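Shown below: structure.cif, with mmCIF, C-alpha atoms; chains and numbers go by the auth columns.
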data_work
#
loop_
_atom_site.group_PDB
_atom_site.id
_atom_site.type_symbol
_atom_site.label_atom_id
_atom_site.label_comp_id
_atom_site.label_asym_id
_atom_site.label_seq_id
_atom_site.Cartn_x
_atom_site.Cartn_y
_atom_site.Cartn_z
_atom_site.B_iso_or_equiv
_atom_site.auth_seq_id
_atom_site.auth_asym_id
ATOM 1 C CA MET A 1 96.364 56.277 -16.412 0.00 165 A
ATOM 2 C CA GLN A 2 98.535 58.691 -18.364 0.00 166 A
ATOM 3 C CA SER A 3 95.808 61.361 -18.202 0.00 167 A
ATOM 4 C CA LEU A 4 95.779 61.009 -14.394 0.00 168 A
ATOM 5 C CA TRP A 5 99.520 61.764 -14.238 0.00 169 A
ATOM 6 C CA VAL A 6 99.118 64.755 -16.545 0.00 170 A
ATOM 7 C CA THR A 7 96.291 66.109 -14.374 0.00 171 A
ATOM 8 C CA LEU A 8 98.332 65.666 -11.188 0.00 172 A
ATOM 9 C CA LEU A 9 101.336 67.363 -12.783 0.00 173 A
ATOM 10 C CA LEU A 10 99.211 70.341 -13.897 0.00 174 A
ATOM 11 C CA LEU A 11 97.746 70.678 -10.397 0.00 175 A
ATOM 12 C CA MET A 12 101.239 70.665 -8.877 0.00 176 A
ATOM 13 C CA ILE A 13 102.512 73.271 -11.343 0.00 177 A
ATOM 14 C CA GLY A 14 99.470 75.459 -10.659 0.00 178 A
ATOM 15 C CA SER A 15 100.080 75.305 -6.921 0.00 179 A
ATOM 16 C CA LEU A 16 103.750 76.176 -7.310 0.00 180 A
ATOM 17 C CA SER A 17 103.069 79.193 -9.519 0.00 181 A
ATOM 18 C CA LEU A 18 100.719 80.628 -6.896 0.00 182 A
ATOM 19 C CA GLU A 19 103.504 80.828 -4.350 0.00 183 A
ATOM 20 C CA ALA A 20 104.428 84.075 -2.710 0.00 184 A
ATOM 21 C CA ARG A 21 105.921 83.486 0.708 0.00 185 A
ATOM 22 C CA ILE A 22 106.520 85.597 3.784 0.00 186 A
ATOM 23 C CA GLY A 23 110.224 86.430 3.989 0.00 187 A
ATOM 24 C CA GLU A 24 110.822 86.462 0.234 0.00 188 A
ATOM 25 C CA THR A 25 112.654 89.390 -1.311 0.00 189 A
ATOM 26 C CA VAL A 26 111.193 91.844 -3.808 0.00 190 A
ATOM 27 C CA GLU A 27 113.639 90.531 -6.407 0.00 191 A
ATOM 28 C CA ALA A 28 112.647 86.875 -5.943 0.00 192 A
ATOM 29 C CA LEU A 29 108.946 87.704 -6.282 0.00 193 A
ATOM 30 C CA GLN A 30 109.516 89.908 -9.338 0.00 194 A
ATOM 31 C CA LEU A 31 111.624 87.197 -10.969 0.00 195 A
ATOM 32 C CA ARG A 32 108.802 84.685 -10.583 0.00 196 A
ATOM 33 C CA HIS A 33 105.737 86.929 -11.079 0.00 197 A
ATOM 34 C CA GLY A 34 106.870 89.980 -13.067 0.00 198 A
ATOM 35 C CA SER A 35 107.245 93.549 -11.880 0.00 199 A
ATOM 36 C CA GLY A 36 103.822 93.914 -10.275 0.00 200 A
ATOM 37 C CA LYS A 37 102.302 97.326 -9.552 0.00 201 A
ATOM 38 C CA GLU A 38 103.771 99.526 -6.838 0.00 202 A
ATOM 39 C CA ILE A 39 101.000 101.067 -4.722 0.00 203 A
ATOM 40 C CA GLY A 40 103.086 102.571 -1.964 0.00 204 A
ATOM 41 C CA GLU A 41 106.621 102.963 -0.757 0.00 205 A
ATOM 42 C CA ASN A 42 106.745 99.396 0.554 0.00 206 A
ATOM 43 C CA GLN A 43 103.855 97.684 -1.257 0.00 207 A
ATOM 44 C CA ILE A 44 103.507 95.884 -4.568 0.00 208 A
ATOM 45 C CA VAL A 45 100.434 94.145 -6.007 0.00 209 A
ATOM 46 C CA PHE A 46 101.020 91.035 -8.101 0.00 210 A
ATOM 47 C CA THR A 47 98.324 89.249 -10.080 0.00 211 A
ATOM 48 C CA ILE A 48 98.990 85.541 -9.621 0.00 212 A
ATOM 49 C CA GLU A 49 96.517 83.207 -11.293 0.00 213 A
ATOM 50 C CA ASN A 50 93.068 84.253 -9.986 0.00 214 A
ATOM 51 C CA PHE A 51 94.428 86.295 -7.074 0.00 215 A
ATOM 52 C CA ASP A 52 95.580 89.826 -6.483 0.00 216 A
ATOM 53 C CA VAL A 53 98.357 89.576 -3.908 0.00 217 A
ATOM 54 C CA THR A 54 99.234 92.809 -2.110 0.00 218 A
ATOM 55 C CA ILE A 55 102.636 92.395 -0.492 0.00 219 A
ATOM 56 C CA THR A 56 104.121 94.680 2.154 0.00 220 A
ATOM 57 C CA PHE A 57 107.905 94.729 2.468 0.00 221 A
ATOM 58 C CA GLU A 58 110.169 95.674 5.341 0.00 222 A
ATOM 59 C CA LYS A 59 113.945 95.760 4.877 0.00 223 A
ATOM 60 C CA GLY A 60 113.444 94.220 1.424 0.00 224 A
ATOM 61 C CA GLU A 61 111.519 91.139 2.628 0.00 225 A
ATOM 62 C CA SER A 62 107.824 90.291 2.556 0.00 226 A
ATOM 63 C CA ILE A 63 106.192 90.681 5.981 0.00 227 A
ATOM 64 C CA ARG A 64 102.489 90.725 4.970 0.00 228 A
ATOM 65 C CA GLU A 65 100.623 89.217 2.025 0.00 229 A
ATOM 66 C CA ILE A 66 96.954 89.871 1.321 0.00 230 A
ATOM 67 C CA TYR A 67 95.210 87.551 -1.161 0.00 231 A
ATOM 68 C CA THR A 68 91.980 88.578 -2.912 0.00 232 A
ATOM 69 C CA THR A 69 90.270 86.394 -5.539 0.00 233 A
ATOM 70 C CA ARG A 70 89.641 87.735 -9.063 0.00 234 A
ATOM 71 C CA ILE A 71 87.415 86.764 -11.978 0.00 235 A
ATOM 72 C CA GLY A 72 89.691 86.586 -15.013 0.00 236 A
ATOM 73 C CA ASN A 73 91.632 89.690 -15.995 0.00 237 A
ATOM 74 C CA ASN A 74 88.970 92.233 -15.097 0.00 238 A
ATOM 75 C CA ASP A 75 88.406 94.092 -11.850 0.00 239 A
ATOM 76 C CA GLU A 76 85.615 91.820 -10.625 0.00 240 A
ATOM 77 C CA PHE A 77 86.158 89.692 -7.560 0.00 241 A
ATOM 78 C CA HIS A 78 84.397 86.556 -6.333 0.00 242 A
ATOM 79 C CA PRO A 79 84.036 85.271 -2.775 0.00 243 A
ATOM 80 C CA MET A 80 87.012 83.190 -1.683 0.00 244 A
ATOM 81 C CA SER A 81 86.036 79.547 -1.271 0.00 245 A
ATOM 82 C CA GLU A 82 87.036 77.291 1.617 0.00 246 A
ATOM 83 C CA LYS A 83 89.069 75.274 -0.897 0.00 247 A
ATOM 84 C CA GLU A 84 91.019 78.397 -1.922 0.00 248 A
ATOM 85 C CA VAL A 85 91.631 79.330 1.725 0.00 249 A
ATOM 86 C CA GLN A 86 92.937 75.831 2.490 0.00 250 A
ATOM 87 C CA GLN A 87 95.124 75.840 -0.649 0.00 251 A
ATOM 88 C CA LEU A 88 96.735 79.137 0.375 0.00 252 A
ATOM 89 C CA LEU A 89 97.273 77.961 3.964 0.00 253 A
ATOM 90 C CA LYS A 90 98.985 74.853 2.625 0.00 254 A
ATOM 91 C CA ILE A 91 101.240 76.847 0.279 0.00 255 A
ATOM 92 C CA GLN A 92 102.226 79.406 2.917 0.00 256 A
ATOM 93 C CA GLY A 93 102.689 76.694 5.530 0.00 257 A
ATOM 94 C CA GLU A 94 105.138 74.745 3.363 0.00 258 A
ATOM 95 C CA GLY A 95 104.085 71.494 5.012 0.00 259 A
ATOM 96 C CA LYS A 96 103.811 72.886 8.541 0.00 260 A
ATOM 97 C CA SER A 97 100.531 72.698 10.410 0.00 261 A
ATOM 98 C CA TRP A 98 98.177 75.564 11.235 0.00 262 A
ATOM 99 C CA GLN A 99 96.102 75.861 14.399 0.00 263 A
ATOM 100 C CA LYS A 100 92.780 77.682 14.098 0.00 264 A
ATOM 101 C CA ILE A 101 92.690 79.914 17.166 0.00 265 A
ATOM 102 C CA GLU A 102 89.569 81.938 16.404 0.00 266 A
ATOM 103 C CA GLU A 103 86.407 81.512 14.345 0.00 267 A
ATOM 104 C CA GLU A 104 83.481 83.914 14.337 0.00 268 A
ATOM 105 C CA PRO A 105 79.872 83.175 13.233 0.00 269 A
ATOM 106 C CA ASP A 106 80.306 85.541 10.247 0.00 270 A
ATOM 107 C CA GLY A 107 83.171 83.406 8.908 0.00 271 A
ATOM 108 C CA ARG A 108 86.115 85.460 10.167 0.00 272 A
ATOM 109 C CA SER A 109 88.926 83.116 11.125 0.00 273 A
ATOM 110 C CA LEU A 110 92.413 83.370 12.576 0.00 274 A
ATOM 111 C CA TRP A 111 95.147 80.735 12.351 0.00 275 A
ATOM 112 C CA LEU A 112 98.600 80.519 13.892 0.00 276 A
ATOM 113 C CA MET A 113 101.323 78.403 12.341 0.00 277 A
ATOM 114 C CA ALA A 114 102.371 75.672 14.770 0.00 278 A
ATOM 115 C CA GLU A 115 105.827 77.235 15.159 0.00 279 A
ATOM 116 C CA GLY A 116 104.307 80.628 15.980 0.00 280 A
ATOM 117 C CA THR A 117 106.070 82.381 13.098 0.00 281 A
ATOM 118 C CA LEU A 118 103.076 83.279 10.960 0.00 282 A
ATOM 119 C CA TYR A 119 99.445 84.356 11.346 0.00 283 A
ATOM 120 C CA ALA A 120 96.651 84.017 8.801 0.00 284 A
ATOM 121 C CA ARG A 121 93.350 85.930 8.972 0.00 285 A
ATOM 122 C CA PHE A 122 90.376 85.348 6.684 0.00 286 A
ATOM 123 C CA LEU A 123 87.842 88.187 6.386 0.00 287 A
ATOM 124 C CA PRO A 124 84.953 87.057 4.162 0.00 288 A
ATOM 125 C CA LYS A 125 83.308 90.501 4.244 0.00 289 A
ATOM 126 C CA PHE A 126 86.399 91.947 2.531 0.00 290 A
ATOM 127 C CA ASN A 127 87.165 88.758 0.572 0.00 291 A
ATOM 128 C CA THR A 128 90.739 88.634 1.863 0.00 292 A
ATOM 129 C CA LEU A 129 93.127 86.131 3.373 0.00 293 A
ATOM 130 C CA THR A 130 96.063 87.894 5.013 0.00 294 A
ATOM 131 C CA PHE A 131 99.333 86.282 6.058 0.00 295 A
ATOM 132 C CA THR A 132 101.467 88.248 8.532 0.00 296 A
ATOM 133 C CA ALA A 133 104.854 87.440 10.004 0.00 297 A
ATOM 134 C CA ALA A 134 104.609 87.098 13.784 0.00 298 A
ATOM 135 C CA LEU A 135 106.579 89.680 15.731 0.00 299 A
ATOM 136 C CA LYS A 136 109.936 88.406 16.846 0.00 300 A
ATOM 137 C CA ALA A 137 110.412 88.165 20.558 0.00 301 A
ATOM 138 C CA VAL A 138 112.395 90.991 22.120 0.00 302 A
ATOM 139 C CA PRO A 139 115.491 89.687 23.915 0.00 303 A
ATOM 140 C CA LYS A 140 115.180 89.794 27.721 0.00 304 A
ATOM 141 C CA ASN A 141 118.478 91.663 28.015 0.00 305 A
ATOM 142 C CA ARG A 142 116.958 94.845 26.565 0.00 306 A
#
Serialized structure, structure tokens:
Amino acid sequence: MQSLWVTLLLLMIGSLSLEARIGETVEALQLRHGSGKEIGENQIVFTIENFDVTITFEKGESIREIYTTRIGNNDEFHPMSEKEVQQLLKIQGEGKSWQKIEEEPDGRSLWLMAEGTLYARFLPKFNTLTFTAALKAVPKNR
């Protein structure tokens, strides 16, 4: 019984360490995951567990996060499994539900968070799962 609790605790800790959420600041992500590698004026790549996470920032907050699976610490990548996709959707969703709004025969999929604040797109050909903040509605007064 004790080994079951230890296993569950390790799984929870692993899920928490994988977190990188849309809307987070550069500072918050660097505090949790280290400095990362800047690849552009507004982009940083973090290696988090078995993922490379390329994050695009606007006004200091994450607006797009692209997850790619890795094999260990080398530059080899493996196809992202359905389990990994579902795990990342759950983490980004923070308990909110996702609605699959598109699925292609080649495995490409698009989800929309129930509240309409976040999109997720899986592209198996490129081995990526991308989370993007939905555009905010423009006020009608404009």
message: Once the PyMOL selection byres ((chain A and resi 223-236) around 7) has been evaluated on this model, what residues remain selected, and can you format them as number ranges by chain?
response: A: 186-190, 214-222, 237-238, 240-244, 291-297
Quick one: axis-aligned box around all listed atoms of range 202-215 of chain A, 8 Å on every side, centre and edge lengths in Å to one decimal, written as JSON.
{"center_x": 99.9, "center_y": 93.1, "center_z": -5.4, "size_x": 29.7, "size_y": 35.8, "size_z": 27.8}
- request: Measuring atom to atom with only C-alpha atoms, identify which of A:Phe210, A:Tyr283, A:Glu268, A:Glu248 is nearest to Gln194 in chain A.
  value: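 Residue with the minimum atom-to-atom distance to Gln194 in chain A: A:Phe210.
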task: Name all residues at most 12 Å from Glu246 in chain A (count only C-alpha atoms; drop same-chain ones fewer than 4 positions away) and give them as a PyMOL selection string.
output: chain A and resi 250-253+271-273+286-288+291-293
query: To one decimal place, how far is CA of Leu276 in chain A from CA of Ile208 in chain A in Å?
result: 24.5 Å
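For the atom pair formed by CA of Ala192 in chain A and CA of Glu213 in chain A, the distance is 17.4 Å, given to one decimal.
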query: Distance CA of Ala278 in chain A-CA of Trp262 in chain A, one decimal place?
result: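 Rounded to one decimal, the two atoms are 5.5 Å apart.
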- request: Counting all atoms listed in the file, select every polymer residue within 10 Å of (104.1, 76.2, 6.1) as defined in the file's coordinates, and provide the selection as a VMD selection string.
  value: chain A and resid 185 to 186 252 to 262 277 to 279 281 to 282
Repair of range 277-297 of chain A at the level of N, CA and C atoms, as a short mmCIF file (atom, residue, chain, number, x, y, z; two decimals), in the frame of the given file:
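File selection_25.cif, as written:
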data_model
loop_
_atom_site.label_atom_id
_atom_site.label_comp_id
_atom_site.auth_asym_id
_atom_site.auth_seq_id
_atom_site.Cartn_x
_atom_site.Cartn_y
_atom_site.Cartn_z
N MET A 277 100.49 79.54 12.75
CA MET A 277 101.32 78.40 12.34
C MET A 277 101.87 77.75 13.60
N ALA A 278 101.97 76.44 13.59
CA ALA A 278 102.37 75.67 14.77
C ALA A 278 103.63 76.23 15.42
N GLU A 279 104.57 76.72 14.61
CA GLU A 279 105.83 77.24 15.16
C GLU A 279 105.70 78.66 15.68
N GLY A 280 104.52 79.27 15.49
CA GLY A 280 104.31 80.63 15.98
C GLY A 280 104.98 81.71 15.16
N THR A 281 105.35 81.41 13.92
CA THR A 281 106.07 82.38 13.10
C THR A 281 105.18 83.14 12.13
N LEU A 282 103.93 82.70 11.98
CA LEU A 282 103.08 83.28 10.96
C LEU A 282 101.61 83.21 11.39
N TYR A 283 100.89 84.30 11.13
CA TYR A 283 99.44 84.36 11.35
C TYR A 283 98.73 84.40 10.01
N ALA A 284 97.51 83.89 9.98
CA ALA A 284 96.65 84.02 8.80
C ALA A 284 95.27 84.45 9.28
N ARG A 285 94.69 85.46 8.61
CA ARG A 285 93.35 85.93 8.97
C ARG A 285 92.50 85.99 7.72
N PHE A 286 91.33 85.33 7.79
CA PHE A 286 90.38 85.35 6.68
C PHE A 286 89.22 86.27 7.06
N LEU A 287 88.95 87.24 6.19
CA LEU A 287 87.84 88.19 6.39
C LEU A 287 86.90 88.08 5.19
N PRO A 288 85.84 87.26 5.31
CA PRO A 288 84.95 87.06 4.16
C PRO A 288 84.26 88.34 3.70
N LYS A 289 83.97 89.25 4.61
CA LYS A 289 83.31 90.50 4.24
C LYS A 289 84.17 91.30 3.25
N PHE A 290 85.48 91.23 3.41
CA PHE A 290 86.40 91.95 2.53
C PHE A 290 87.05 91.03 1.50
N ASN A 291 86.67 89.74 1.53
CA ASN A 291 87.16 88.76 0.57
C ASN A 291 88.69 88.68 0.58
N THR A 292 89.28 88.66 1.78
CA THR A 292 90.74 88.63 1.86
C THR A 292 91.22 87.55 2.82
N LEU A 293 92.38 87.00 2.48
CA LEU A 293 93.13 86.13 3.37
C LEU A 293 94.49 86.78 3.52
N THR A 294 94.82 87.17 4.75
CA THR A 294 96.06 87.89 5.01
C THR A 294 97.01 87.03 5.81
N PHE A 295 98.26 86.97 5.34
CA PHE A 295 99.33 86.28 6.06
C PHE A 295 100.27 87.35 6.60
N THR A 296 100.60 87.26 7.89
CA THR A 296 101.47 88.25 8.53
C THR A 296 102.53 87.53 9.35
N ALA A 297 103.77 87.99 9.20
CA ALA A 297 104.85 87.44 10.00
C ALA A 297 104.61 87.80 11.46
#
